[in-house]
Structures are given as structure tokens and as C-alpha cells.
2 protein chains.
Amino acid sequence: MKTLRLNTNDRAVLLGSAFFEKLPMATSNAVLDDVVVSTHEEHDVLFAQGEPLDHVFFVLSGLVRLYRLGKDGREADIAVFPKGELFGESAMFLGNRATANAQAIDHAMLARIDSRKLRRLAEQTPEIADALMQLLCRHAQMAEDCLAEDRLLTAPQRVASYILGNCPDGITNFSFRLPFQKNVLAGKLGLAPEALSRAFSALRRSGVTVKGRVIEIHDRQALERF
Amino acid sequence: MKTLRLNTNDRAVLLGSAFFEKLPMATSNAVLDDVVVSTHEEHDVLFAQGEPLDHVFFVLSGLVRLYRLGKDGREADIAVFPKGELFGESAMFLGNRATANAQAIDHAMLARIDSRKLRRLAEQTPEIADALMQLLCRHAQMAEDCLAEDRLLTAPQRVASYILGNCPDGITNFSFRLPFQKNVLAGKLGLAPEALSRAFSALRRSGVTVKGRVIEIHDRQALERF
DNA sequence: GTCATGATTTGACCTCGATCAAATCATCCG
DNA sequence: CGGATGATTTGATCGAGGTCAAATCATGAC
């Protein structure tokens, strides 16, 4: 891991993200003034469950996977954060201890925001408190969505739901590129890679084509019905 | 559903809860000044996914179940809230639309707090914003815990984990009463009632005794190892 | 291009938990 | 007490998805 200072481009990514977008510039500057950037190799562990954690992380580039470990060493993904996402915020409210492990997928560049300072600023600045509440709420929703999908949908249905989540409304014919290896998608959906593969092949007869990382949809309705 | 005003006892329950406990009295009074109380029969639906929702609910007595519906009508529990819990707060940040269904278990008495007012107060009062952030964070953690347990643990392991969560540390011999029907516990753990029953019987050989709603543990270690 | 390495798919098998049906058990009510 | 109703358990069966092994595909290094 190497650490650097924030450059202009990084700053632009930060300011354009969902979290900072709605903040007045002065407020954003206050939050970002002592931010440090770090780069990480694929598979680097950023922090581990239970460890002290006094930063909130922002993904400048790459991807980060949040997961828990089972007694037997198996891993369960909680979330995958792409560029532009803020994570690790829950430790701020839980005694500055991480509640999960985090690992870089790809090479990743992260900005670290001091969590004590952020919390202090949130007390003084309603806009920051509001942004934090929205963030917490969104992350809670992500987990609840995941939980509900796990419990209600079969593997092919979960994959269909993921695809539809990437397809703009009203379009019936659509194609996009997975932002990560199938590997990672499988984890995110709570599946073994083999199960993901079989799910894709089950969806083929509903007009889904998979070539490498490129997914093509030919019949939105069929997917929705699945 | 009948609606009433807040009586002294209800007010005491509210003020003693995790959310209000840390607020100055004047702040709590501001939040509670126009609260309305409603009573609900078993199985009453409080609100449905997607509906407009402009209250936050507080459980004065009874239990409330939060769940999502699948296409086929199957239900997946997101959370169960006992007396003293605040819920429905996420709608506040998501366009005042419920993200799940809520249903009373038992007879239930609920206090409704106007969510627009609460949000306005949160902007003016850092203590309220902070309490809200803690609440959101706790609810997010609950969902993440659930998700991780679903993915990492078998049915008997999840039940063991639930029991241990109700057993104070360091005690090896312990007994407690379920706060709801096995029915409800099954849903909360993402199991069919039959699976819960079988899980209990699998735990019998690890020193767990079940008589009606009363659970007895005779060997904490064995449960932890399970 | 050739090879080596890692990703993905496919096949075979097996386990967990869902489902349906039936048997018990518990509680409440007259 | 006798029944009725609902909760819980038990039995039998089935299917989804995990695991392991092998085959195939893709990619980058040379």
C-alpha cells in the first residue's frame, strides 16, 4: 500500500459523488482538507472485522468488497462498492470497530476521511448529518434488498434481477458489460461461481446472451416474468 | 385500529427507550408533542411496501414484523421490532415511501411521530441527528448480520446463534422465554416452522431443552461450537 | 503462435431445507 | 370435562444449490 495526497482529478471524483454532490463547496472542503489517498493491490485486505477503524473510505477507483468470515473460513459478501461510493461509515457509530472485512478487488485507490472529524463536522453542519443519514439509509436498504432477494428468489431470478437493475426502464433490447469478474458477481449474489454459471445458462432461453463479461438482453418482459 | 393520545405510562416507555434516552428532556418533548397512539389487532397491516408513509413508528407494546413480498406471495421477514424500538425511519430518506410491509404481531400499541417534523428537528438539533444516525446504523447492522448468518450458517447454527444472543456472557447454564411464537422466530431466522422445529431437536443433543416457549441451555460451549 | 495461468463451464453427486400430509400438543371456551 | 381451534412436531419426499473434479475457454507473457 502506498499513500499519497489528493490530486485534482481525485478531488473531482469526490466532489461529483452522491455524498458530496449536495454539500456546499466550503463544507466539502472542510471534510476533505486532510484526506489521504492510498493505493492497493488486488486482494489487499483494507481492514478486518473487529479491528479499530477510524477512517471512512471513499472509492476513487477500482472496487472494494465488504464481507464477513464464517467459523470455517467461508466468506459471505455484504456489499461491493464501486468508484464513487463511501463505506466503513458504520464503525463511526459502533465504537470505531469494523463490523466486517474489506478487501480490494482490482487495483483500488481509496481516500480516507478521519471519522472523528467527520462526526464532529456532522454535529456542526446539518447538511453533513443529512448526507450521512442518507448514506446509512441507502446502505441499510442495500442489505435489506439483498436479504429479501436471498430469501425470496432462486439463483436465476436473482441474476435476472441484477441484470434488470442495470437495464434502463422501458428498453427491451439492451447490453452491458459486467464491472467485475463473474467470480465477484457470484459472491455478491450469494452464489457459488458454478451456480452463477448455471443461472446464466438457465436465462439463455429467456433471451439472455453472455459473451465473456458482456451481457445482452433481447426480451425484457421474459426476464421480468422469470 | 383505534387512536388515542399519549398517556403517562406510554410517555415513560418512550423516554426510557434507546432513542430518547440520550436526548435532553426538552428535545424529547419537542419530538413527542403531537404524537398519536394507535392500537392494532394481531395481523393488522400497518403499511405496505411502496405506499406513502409520513410517520415513524415507535412500539409501545406488542411486536411488529417488517417483511417483503415475493411475486408468488411468499413473505420474507426483514426484522421484528419489540417494545421500545423505533421503525419505519428509512422512508424518511426515500421519498416518504415504505420499503417494506409492516404487520402487528400480538395486539400492538404504536406511537406515530410525524416524519417531516422529525427530519426538520434533526436539522436543528444535532442530538436528534445523532440519535437517528445511530438508529439507522443499528438497523443496517441488523440486516447485515442477518444476511451474513443466512449465508454462512445452517439452520441449527442460526438457532444456536439466536439463543446465544439471548444468553448473558460467561453464564453456562441459562434459560429464557421466547418473546413470540416459534412461528415468528422461524420467519425471523429465514426458516420454515418445520425447519425451526427440527433445528431445535438437533440442538437437544448439545444440551438445549425446549418446553413450549421456554428454552434452557445446559452447555454454552457446546452451543458455541455447533 | 505457444504456453502457462487463471477464469469459467459442465458433469456427478449430495446435503440442506422447503413442502405437503399427518400426528400431537396446547389452549380456550362452553 | 369434551371439543374445537390453532400451534408444533414428525415423517416422507423433492428440488435448489453447494462441492469436487474435469474439461474448456481466455489472457497475457514470451
# chains A, B, ... in the order shown; residues from 1 in each chain; ligands from 1
>>> closest_atom_pairs(of="chain B", to="chain C", cutoff="8 Å", atoms="only C-alpha atoms (C1' of nucleotides)", output="tab-separated table")
residue	atom	partner	partner_atom	distance
B:Thr154	CA	C:DC16	C1'	7.9
B:Ala192	CA	C:DA18	C1'	7.2
B:Ala195	CA	C:DG17	C1'	6.7
>>> write_last_selection(atoms="N, CA and C atoms", output="short mmCIF file (atom, residue, chain, number, x, y, z; two decimals), in the first residue's frame")
data_model
loop_
_atom_site.label_atom_id
_atom_site.label_comp_id
_atom_site.auth_asym_id
_atom_site.auth_seq_id
_atom_site.Cartn_x
_atom_site.Cartn_y
_atom_site.Cartn_z
N THR B 154 -25.95 -22.87 8.98
CA THR B 154 -27.08 -23.78 8.76
C THR B 154 -28.20 -23.41 9.74
N ALA B 192 -38.58 -22.17 7.49
CA ALA B 192 -39.95 -22.65 7.63
C ALA B 192 -40.11 -23.15 9.06
N ALA B 195 -38.58 -26.40 9.82
CA ALA B 195 -37.12 -26.41 9.90
C ALA B 195 -36.66 -25.93 11.27
#
>>> closest_atom_pairs(of="segment 107-193 of chain B", to="segment 133-136 of chain A", cutoff="9 Å", atoms="only C-alpha atoms", output="JSON lines")
{"residue": "B:Ala129", "atom": "CA", "partner": "A:Met133", "partner_atom": "CA", "distance": 8.1}
{"residue": "B:Leu132", "atom": "CA", "partner": "A:Met133", "partner_atom": "CA", "distance": 7.5}
{"residue": "B:Met133", "atom": "CA", "partner": "A:Met133", "partner_atom": "CA", "distance": 5.7}
{"residue": "B:Leu136", "atom": "CA", "partner": "A:Leu136", "partner_atom": "CA", "distance": 6.0}
{"residue": "B:Cys137", "atom": "CA", "partner": "A:Leu136", "partner_atom": "CA", "distance": 6.2}
{"residue": "B:Ala140", "atom": "CA", "partner": "A:Leu136", "partner_atom": "CA", "distance": 7.3}
>>> closest_atom_pairs(of="chain D", to="chain A", cutoff="10 Å", atoms="only C-alpha atoms (C1' of nucleotides)", output="JSON lines")
{"residue": "D:DA16", "atom": "C1'", "partner": "A:Thr154", "partner_atom": "CA", "distance": 7.7}
{"residue": "D:DG17", "atom": "C1'", "partner": "A:Ala195", "partner_atom": "CA", "distance": 6.7}
{"residue": "D:DG18", "atom": "C1'", "partner": "A:Ala192", "partner_atom": "CA", "distance": 7.2}
{"residue": "D:DT19", "atom": "C1'", "partner": "A:Ala192", "partner_atom": "CA", "distance": 9.5}
{"residue": "D:DC25", "atom": "C1'", "partner": "A:Gly212", "partner_atom": "CA", "distance": 9.7}
{"residue": "D:DA26", "atom": "C1'", "partner": "A:Gly212", "partner_atom": "CA", "distance": 8.7}
>>> write_last_selection(atoms="C-alpha atoms (C1' of nucleotides)", output="PDB file, in the first residue's frame")
ATOM      1  C1'  DA D  16     -32.076 -25.865  -5.325  1.00  0.00           C
ATOM      2  C1'  DG D  17     -27.766 -25.100  -4.896  1.00  0.00           C
ATOM      3  C1'  DG D  18     -23.121 -26.477  -2.764  1.00  0.00           C
ATOM      4  C1'  DT D  19     -18.899 -29.205  -3.576  1.00  0.00           C
ATOM      5  C1'  DC D  25     -12.019 -21.037 -22.609  1.00  0.00           C
ATOM      6  C1'  DA D  26      -9.405 -16.563 -22.273  1.00  0.00           C
TER       7       DA D  26
END
>>> atom_distance(atom1="atom CA of Ala18 of chain A", atom2="atom CA of Glu85 of chain A")
7.7 Å
>>> atom_distance(atom1="atom CA of Arg11 of chain B", atom2="atom CA of Ala131 of chain B")
18.0 Å
>>> closest_residue(among="B:Phe81, B:Phe19, B:Phe176, B:Phe226", to="chain A", atoms="only C-alpha atoms")
B:Phe226
>>> decode(residues="segment 20-44 of chain B", atoms="C-alpha atoms", output="PDB file, in the first residue's frame")
ATOM      1  CA  PHE B  20     -34.855   9.058  23.530  1.00  0.00           C
ATOM      2  CA  GLU B  21     -32.732   8.071  26.499  1.00  0.00           C
ATOM      3  CA  LYS B  22     -29.804  10.229  25.466  1.00  0.00           C
ATOM      4  CA  LEU B  23     -31.797  13.260  24.400  1.00  0.00           C
ATOM      5  CA  PRO B  24     -32.327  16.213  26.709  1.00  0.00           C
ATOM      6  CA  MET B  25     -35.875  16.289  28.061  1.00  0.00           C
ATOM      7  CA  ALA B  26     -36.767  19.467  26.184  1.00  0.00           C
ATOM      8  CA  THR B  27     -35.691  17.876  22.916  1.00  0.00           C
ATOM      9  CA  SER B  28     -37.730  14.761  23.562  1.00  0.00           C
ATOM     10  CA  ASN B  29     -40.741  16.871  24.394  1.00  0.00           C
ATOM     11  CA  ALA B  30     -40.406  18.730  21.133  1.00  0.00           C
ATOM     12  CA  VAL B  31     -40.377  15.458  19.221  1.00  0.00           C
ATOM     13  CA  LEU B  32     -43.260  13.980  21.178  1.00  0.00           C
ATOM     14  CA  ASP B  33     -45.563  16.925  21.446  1.00  0.00           C
ATOM     15  CA  ASP B  34     -48.033  15.884  18.747  1.00  0.00           C
ATOM     16  CA  VAL B  35     -47.567  12.136  18.863  1.00  0.00           C
ATOM     17  CA  VAL B  36     -50.622   9.963  18.309  1.00  0.00           C
ATOM     18  CA  VAL B  37     -51.062   6.467  19.680  1.00  0.00           C
ATOM     19  CA  SER B  38     -52.837   3.705  17.817  1.00  0.00           C
ATOM     20  CA  THR B  39     -53.742   0.159  18.804  1.00  0.00           C
ATOM     21  CA  HIS B  40     -53.778  -2.732  16.397  1.00  0.00           C
ATOM     22  CA  GLU B  41     -55.115  -6.235  16.333  1.00  0.00           C
ATOM     23  CA  GLU B  42     -52.950  -9.224  15.646  1.00  0.00           C
ATOM     24  CA  HIS B  43     -52.148  -9.425  11.916  1.00  0.00           C
ATOM     25  CA  ASP B  44     -53.211  -5.848  11.168  1.00  0.00           C
TER      26      ASP B  44
END
